Structure formats: C-alpha cells, structure tokens
Amino acid sequence: MAERAADPASHFIREIIEDDLRSGRHARVVTRFPPEPNGYLHIGHAKSICLNFGLARQYGGVCHLRFDDTNPAKEDVEYVDAIMEDVRWLGFDWGDRLFYASDYFEQLYDFAMRLVEAGKAYVDSLSADEIRAYRGTFTEPGRNSPYRDRSVAENRDLFLRMRAGEFPDGAHVLRAKIDMASSNLNMRDPTLYRIRRIAHHRTGDQWCIYPLYDFTHCLSDMLEGITHSICTLEFENHRPLYDWVLDALDTPCHPQQIEFARLNLSYTVMSKRKLLALVQGGHVAGWDDPRMPTISGFRRRGYTPEAIRDFCESVGVAKRDSMVDVAQLEHHIREDLNKRAPRVMAVLRPLKLVIENYPEGQIEELEAVNNPEDPAAGTRRLPFARELYIERDDFMEDPPGKFFRLAPGREVRLRYAYIIKCERVVKDPETGAVLELRCSYDPETRSGSPASSRKVKATLHWVSVAHAVAAEVRLYDRLFKVEAPEACDDWLATIDPAALTVLREARVEPSLATALAGERFQFERQGYFCVDPDTGPGRAVFNRTVTLRDTWARIQAGPAR
RNA sequence: UGAGGAGUCGCCUAAUUGGUAAGGCACCUGACUCUGGAUCAGGGCAUUGAAGGUUCGAGUCCUUCCUCCUCAGCCA
C-alpha cells in the first residue's frame, strides 16, 4: 500500500520491457552490464548499472556482469577487481552470473568460421592504412578490397593460419562482407578479428587473434540469452551491424539493442581517456581521489550508495544528450546524510576564545543530541570549559549588516551551552591579526535551563581546548572551475587548484577520537564529512563530502550566481 | 556536404498516445528553529527550436527550415 509512492517513474525502456512482457515476447528480462576492464567505473557507469540491475530487479529478471575483455592491450585484472568491488558497493549482486567475453573466444571463433564458410566474411590483407583509404568518406562510397573475393577455401585456410600464429600483427584481418557503399560506415565490411600478439589477462598466450567489439558483443548477448541489450547513444550507428551478425548466423535468439543518453555531469569530465589522464598526469591522487567522479572516488569522498542510486533514478532515462547539474547529485547526498549522519562538533579553523568569568579548572559535561532527525540516535556528553575554540569565520571585527555571528560587544549562543558576549579582542600588535577573543558568559542561560529562552541571532559550534582532538580535514570541492571542462580545448587548465584545501589545525570533539575509516558525520553548521582511510593511530583525517546548504555563503557571494 | 539520432522552465525529466504544459533540482519570499542546517508555506506569465498546414482542439499528426549530437580504430 504505502509502497505505491515508491513506484519508479516510467521511461521508454521500461515501456519497451512492459510491452514485451505483456505480449509474451519474453517471459522474463535478462539484462547485462558489460564494462571493459580498462579503467575504473564512474558515475556514468553507475547510471548504467542502476538501469540494468534495476530493471532486472523491478521485473523479476536477472542481470549479468560481463567483462568485455577483447582488447588485452588496454585491459588489466586490477580493473576487473575494482569494477566488481564498485558494483557490489553500489548494492547490486550478479549472483553466479559473472561472465567474460574471453570465455567465449572459442565459440566466437567458430561463429567467425561459419561466416567464412557462408561466404559472409573474408580475410583481408590490406594494411590498416589501406583499409582506411578504401573505406571512403561520409559522402563517397568505399571501394572493395582486392582480397574481397577470395574463395571460401582460401579464407578458411588463411583464418586458420591467423589463429595458428603464422602471421605477424597486422598482416591480415577478418572482415565481414557487407557493403562498401553503405551510408553507414560501420557496414562497410567491418573488421571482425585482428592479430595481436599480446598476452591476455585471462587467456594468457592461448590466442593471438582477438575479436572486435561489434562481433563480440552481440554474440555474447545472444549466448547469454540477453533480452534487452542496453547501451549508450554512440552505439546507435552500430545497431544495424549488431543485427546483421546475428541474422547472418541465424542465431536462436536475437537480443534487442536499446540506446539511451549517457550521463554528463557539470564541473567534471567523464571520458575514460580524460580520467586516465588525470590519474597518470598526477593531477589527482589516484582513481579514488575524492575529487574524481569515479565510484571509488565518491566512496572515499563519503557518498553513500543509496544517494548515488537515488540520483541515478532522479535523472531519468531518455535519448536526448544532456548535462546534469552536480547540484542535483549534491542534493541527494545531503538528503541521505541528513537522515543518518550523527552530528558532531568540529572547528576547522580554530580561534581561541576565553570565557573570563567562567571558573578556571571547571568542566561541565553538556548533553548533545546526536541527530535531531533521528531520536533513536540518542545523545552524548560534551566537555565544556573556560577555554574554547570557535570557528574563525564565526567572528568578524567589523561585521556587515547581515552577519549574525560574533563581533565585539555582541552576544551569541554556544551550542548546547551558554550565551556569551565578546568583551575584548586580543590582537597581534605587529600584524593586527586577531589572536584570541575574551568573552563573558551568562550562567543563567545554559541550554535547557528555565532562563535559556533568551533569543540571540546565532548559535556557534565550539570545542574545548583541553579536550579537543587534533585532526586533518580535507576540504573537497568541484574539480573544475568551468561547467563543461570536456568542451574546452585545454581542459586540464580548467582544473580548480582550490578543489582541495587541506586544513591541518582542525580540532574535533573527543568522541571522534575513535572514529573508524568510512564513518560519516555531520560537522554541525559546516557539512558532511567522512573518515579517510589515511586515518590511523594518532592521526585523524576527515574528508568533506559536501557542505551544508549555506545561506550566509550565498549572501556573501552576492546576488544569484 | 552522407547516414543515424535529438530539440519541452536556468538544469534534468513527464504529459492518459490529439483534449489545453506536470514533477524534481536550482533560485527567490516568508514561517519556524539552540545547526544561517532540516522542516513547512508561498513564488517565477515555459509563446514546448522556427515557420506553415490538418483539426473544434497540436508538445503530440503533416511539410519545410534551423540547431545540436554520433559515425571515416585492426578501441569499446
């Protein structure tokens, strides 16, 4: 009943599937997520993963995880391991349906041989350059290769010998015999097999010929009984070839390829080539750098799988190219963390504050709510004393009108504690820098006490100097300064050096001393943070996942950006 | 310039398949608040890429035009 509201919005792929189920064309859906293990998964893959596994889940079908590992030159086990970890972390399970295109190499070879025998494929001995020259252009048809009419017997022999390793790389390729005049360049006798003397990360030296994507993918789908083969828009032009191969082989089943628009996110790049360049060029600290749009980057940054899944659902599925505002992603992580992250006090840029009329040596244990959104999260005790740290940004000597926080002579509340008043500012006589605030407190205003209802304009977070734990805080922001770095010629130049700010003097409340890597918190009034794996004995490191919505920052930034 | 796709508020996505544009994000107001958070309540005239046409009625159908994306790897 109540779950009605959770019904996912419909989109054209769900409609296709529902039609197929209703008409009996398919009894159940079988989808697949087919990454090539040549890089780490990014948020764009997350959309595809959520789509494929989500569809299977929604309609009671199954989704396969299949590694499309037909290019040993670029692939590596490091990537297959990382990919499996990321898919699992996102919350999906392929059960025993883990496949590798490389497991089909023998069958694929047989299919290719059948094509040869049917006169639908031939061995071409043109060089790569020559093949390109023969292909023609968008406006001119291609020309037939002089080797196009080799006999079946000769093609058989040559293809056999290609496999046997009798030829050097590039000497021959196997091509489909389709139509060199087709307006679709993919149909101008596409290459099916090439010779590559490179060890494969799974098949080792077993093969020296490797099938190409267009030949491999449709047949792999077919062998697995995939019903709906969902891919991105750039493969639209390949669909005729996908269908041609299956038709030419008269396969027992014929999956339907359906294309949707890939995800583009503002202020980041998504192409594998560019992500690789960021890693290899040392512009980030690795694939899991929290500034990266990789799944592992988001994980380290503190994003939750739930937030990423919700986001992927919220952007929808369509055929139109689009660029989603990162703000939409940020909305989902805030929404999720707001409900579940324990609140905690942390001072990022400490400014010392002494309460002159508070007894020296006195310490009070104040009760603090762990999560106002979740009463079950309980409460904890915070030590309060005469010397505290507050945030430097929470004090201004000469505040503008809309600044509600502390200033000389002004009163604010210290969260869960007392109302204090700034009596004096201690400054460096040389530089004029503010070194310390001398304040007074009103003992009657302790939180929860009858007289505590007095109104002040602001409530500040704080930590006790004597009790606080030192921490390193890494402030992460969008990696690029421009909305569409991908569109810039010199995209690397648009990297924002301020996307990472490391604060080494932060002080956090004592309860955080035992926080474990991966744990997430809300630093009150600042944002959501998670414990970085660099954390260890005597060293606490927190990553900022996302800031809280910040009205004051918007006021400061001036009228609407 | 060939072929294949796509154009709906600033950004995403809908629209019972011809019935009079809806939701989320973002933004702005206000209320509330011991987080300038959260929450709640409001708000913005979207001439549906453009022009014609069919129709009582068009975002949906037809025609023409414009713009954008993809394709000339022995990458996927």
# chains A, B, ... in the order shown; residues from 1 in each chain; ligands from 1
call {"tool": "interface_residues", "arguments": {"of": "chain A", "to": "chain B", "cutoff": "6 Å", "atoms": "only C-alpha atoms (C1' of nucleotides)", "output": "ChimeraX atom specification"}}
result
/A:137-139,183-184,194,234,237,315-316,320,324-325,328,415,524-525,551-552
call {"tool": "write_last_selection", "arguments": {"atoms": "N, CA, C and O atoms", "output": "PDB file, in the first residue's frame"}}
result
ATOM      1  N   THR A 137      34.458   8.009 -47.612  1.00  0.00           N
ATOM      2  CA  THR A 137      34.147   9.051 -46.630  1.00  0.00           C
ATOM      3  C   THR A 137      32.646   9.091 -46.403  1.00  0.00           C
ATOM      4  O   THR A 137      31.908   8.270 -46.926  1.00  0.00           O
ATOM      5  N   PHE A 138      32.204  10.107 -45.649  1.00  0.00           N
ATOM      6  CA  PHE A 138      30.772  10.238 -45.406  1.00  0.00           C
ATOM      7  C   PHE A 138      30.005  10.391 -46.723  1.00  0.00           C
ATOM      8  O   PHE A 138      28.898   9.919 -46.858  1.00  0.00           O
ATOM      9  N   THR A 139      30.642  11.087 -47.638  1.00  0.00           N
ATOM     10  CA  THR A 139      29.918  11.393 -48.872  1.00  0.00           C
ATOM     11  C   THR A 139      30.291  10.525 -50.064  1.00  0.00           C
ATOM     12  O   THR A 139      29.580  10.511 -51.058  1.00  0.00           O
ATOM     13  N   SER A 183      25.743   3.710 -46.498  1.00  0.00           N
ATOM     14  CA  SER A 183      25.838   5.069 -45.949  1.00  0.00           C
ATOM     15  C   SER A 183      26.250   5.005 -44.483  1.00  0.00           C
ATOM     16  O   SER A 183      26.659   5.995 -43.893  1.00  0.00           O
ATOM     17  N   ASN A 184      26.137   3.832 -43.898  1.00  0.00           N
ATOM     18  CA  ASN A 184      26.586   3.628 -42.523  1.00  0.00           C
ATOM     19  C   ASN A 184      27.980   3.014 -42.578  1.00  0.00           C
ATOM     20  O   ASN A 184      28.155   1.861 -42.950  1.00  0.00           O
ATOM     21  N   ARG A 194      41.436  -9.224 -35.430  1.00  0.00           N
ATOM     22  CA  ARG A 194      42.752  -8.714 -35.756  1.00  0.00           C
ATOM     23  C   ARG A 194      43.797  -9.580 -35.059  1.00  0.00           C
ATOM     24  O   ARG A 194      43.504 -10.267 -34.078  1.00  0.00           O
ATOM     25  N   GLU A 234      26.033   6.403 -28.579  1.00  0.00           N
ATOM     26  CA  GLU A 234      27.041   6.328 -29.635  1.00  0.00           C
ATOM     27  C   GLU A 234      27.042   4.978 -30.346  1.00  0.00           C
ATOM     28  O   GLU A 234      27.677   4.813 -31.375  1.00  0.00           O
ATOM     29  N   ASN A 237      24.579   3.838 -34.227  1.00  0.00           N
ATOM     30  CA  ASN A 237      25.030   3.554 -35.587  1.00  0.00           C
ATOM     31  C   ASN A 237      25.553   2.130 -35.751  1.00  0.00           C
ATOM     32  O   ASN A 237      25.832   1.687 -36.856  1.00  0.00           O
ATOM     33  N   VAL A 315      17.617  11.277 -12.407  1.00  0.00           N
ATOM     34  CA  VAL A 315      17.963  11.931 -13.671  1.00  0.00           C
ATOM     35  C   VAL A 315      17.192  11.345 -14.861  1.00  0.00           C
ATOM     36  O   VAL A 315      17.158  11.937 -15.932  1.00  0.00           O
ATOM     37  N   GLY A 316      16.568  10.208 -14.638  1.00  0.00           N
ATOM     38  CA  GLY A 316      15.741   9.653 -15.694  1.00  0.00           C
ATOM     39  C   GLY A 316      16.544   8.987 -16.801  1.00  0.00           C
ATOM     40  O   GLY A 316      17.778   8.960 -16.781  1.00  0.00           O
ATOM     41  N   ARG A 320      17.939  12.011 -25.182  1.00  0.00           N
ATOM     42  CA  ARG A 320      18.490  13.311 -25.532  1.00  0.00           C
ATOM     43  C   ARG A 320      19.769  13.628 -24.758  1.00  0.00           C
ATOM     44  O   ARG A 320      19.859  13.397 -23.551  1.00  0.00           O
ATOM     45  N   VAL A 324      23.672  17.058 -16.557  1.00  0.00           N
ATOM     46  CA  VAL A 324      23.009  17.209 -15.268  1.00  0.00           C
ATOM     47  C   VAL A 324      23.877  18.065 -14.347  1.00  0.00           C
ATOM     48  O   VAL A 324      25.084  17.899 -14.289  1.00  0.00           O
ATOM     49  N   ASP A 325      23.230  18.970 -13.657  1.00  0.00           N
ATOM     50  CA  ASP A 325      23.906  19.852 -12.711  1.00  0.00           C
ATOM     51  C   ASP A 325      24.379  19.041 -11.492  1.00  0.00           C
ATOM     52  O   ASP A 325      23.582  18.316 -10.901  1.00  0.00           O
ATOM     53  N   GLN A 328      22.367  18.562  -8.392  1.00  0.00           N
ATOM     54  CA  GLN A 328      21.340  17.540  -8.229  1.00  0.00           C
ATOM     55  C   GLN A 328      21.904  16.328  -7.482  1.00  0.00           C
ATOM     56  O   GLN A 328      21.238  15.727  -6.667  1.00  0.00           O
ATOM     57  N   ARG A 415      26.472  26.414  21.172  1.00  0.00           N
ATOM     58  CA  ARG A 415      25.548  25.290  21.072  1.00  0.00           C
ATOM     59  C   ARG A 415      25.614  24.369  22.280  1.00  0.00           C
ATOM     60  O   ARG A 415      26.696  23.969  22.715  1.00  0.00           O
ATOM     61  N   GLU A 524      28.542  20.035  12.560  1.00  0.00           N
ATOM     62  CA  GLU A 524      27.442  20.989  12.643  1.00  0.00           C
ATOM     63  C   GLU A 524      27.773  22.327  11.993  1.00  0.00           C
ATOM     64  O   GLU A 524      28.859  22.861  12.145  1.00  0.00           O
ATOM     65  N   ARG A 525      26.838  22.808  11.259  1.00  0.00           N
ATOM     66  CA  ARG A 525      26.879  24.082  10.551  1.00  0.00           C
ATOM     67  C   ARG A 525      27.860  24.094   9.375  1.00  0.00           C
ATOM     68  O   ARG A 525      28.029  25.109   8.709  1.00  0.00           O
ATOM     69  N   THR A 551      23.231  29.565   3.529  1.00  0.00           N
ATOM     70  CA  THR A 551      22.584  30.832   3.180  1.00  0.00           C
ATOM     71  C   THR A 551      23.550  32.009   3.295  1.00  0.00           C
ATOM     72  O   THR A 551      23.560  32.907   2.465  1.00  0.00           O
ATOM     73  N   TRP A 552      24.369  31.954   4.325  1.00  0.00           N
ATOM     74  CA  TRP A 552      25.321  33.046   4.530  1.00  0.00           C
ATOM     75  C   TRP A 552      26.320  33.141   3.373  1.00  0.00           C
ATOM     76  O   TRP A 552      26.624  34.221   2.865  1.00  0.00           O
TER      77      TRP A 552
END
call {"tool": "residues_around", "arguments": {"residues": "U20 of chain B", "least_positions_apart": "5", "cutoff": "12 Å", "atoms": "only C-alpha atoms (C1' of nucleotides)", "output": "PyMOL selection string"}}
result
chain B and resi 15+57-59
call {"tool": "closest_residue", "arguments": {"among": "A:Arg88, A:Arg273, A:His332, A:Arg197", "to": "Met162 of chain A", "atoms": "only C-alpha atoms"}}
result
A:Arg197
call {"tool": "atom_distance", "arguments": {"atom1": "atom CA of Asp20 of chain A", "atom2": "atom CA of Gln256 of chain A"}}
result
10.8 Å
call {"tool": "residues_around", "arguments": {"residues": "G30 of chain B", "least_positions_apart": "5", "cutoff": "12 Å", "atoms": "only C-alpha atoms (C1' of nucleotides)", "output": "ChimeraX atom specification"}}
result
/B:40-43
call {"tool": "residues_around", "arguments": {"residues": "Gly538 of chain A", "least_positions_apart": "5", "cutoff": "10 Å", "atoms": "only C-alpha atoms (C1' of nucleotides)", "output": "ChimeraX atom specification"}}
result
/A:469-471,513
call {"tool": "residues_around", "arguments": {"residues": "Ser296 of chain A", "least_positions_apart": "2", "cutoff": "10 Å", "atoms": "only C-alpha atoms (C1' of nucleotides)", "output": "JSON, numbers by chain"}}
result
{"A": [40, 41, 42, 43, 82, 83, 85, 86, 89, 286, 287, 288, 289, 290, 292, 293, 294, 298, 299, 300, 301, 302, 303]}
call {"tool": "select_by_dssp", "arguments": {"residues": "segment 138-301 of chain A", "states": "strand (DSSP E or B)", "output": "PyMOL selection string"}}
result
chain A and resi 173-176+191-195+200+204+209-211+228-232+256-260+265+294
call {"tool": "atom_distance", "arguments": {"atom1": "atom CA of Phe12 of chain A", "atom2": "atom CA of Gln257 of chain A"}}
result
13.2 Å
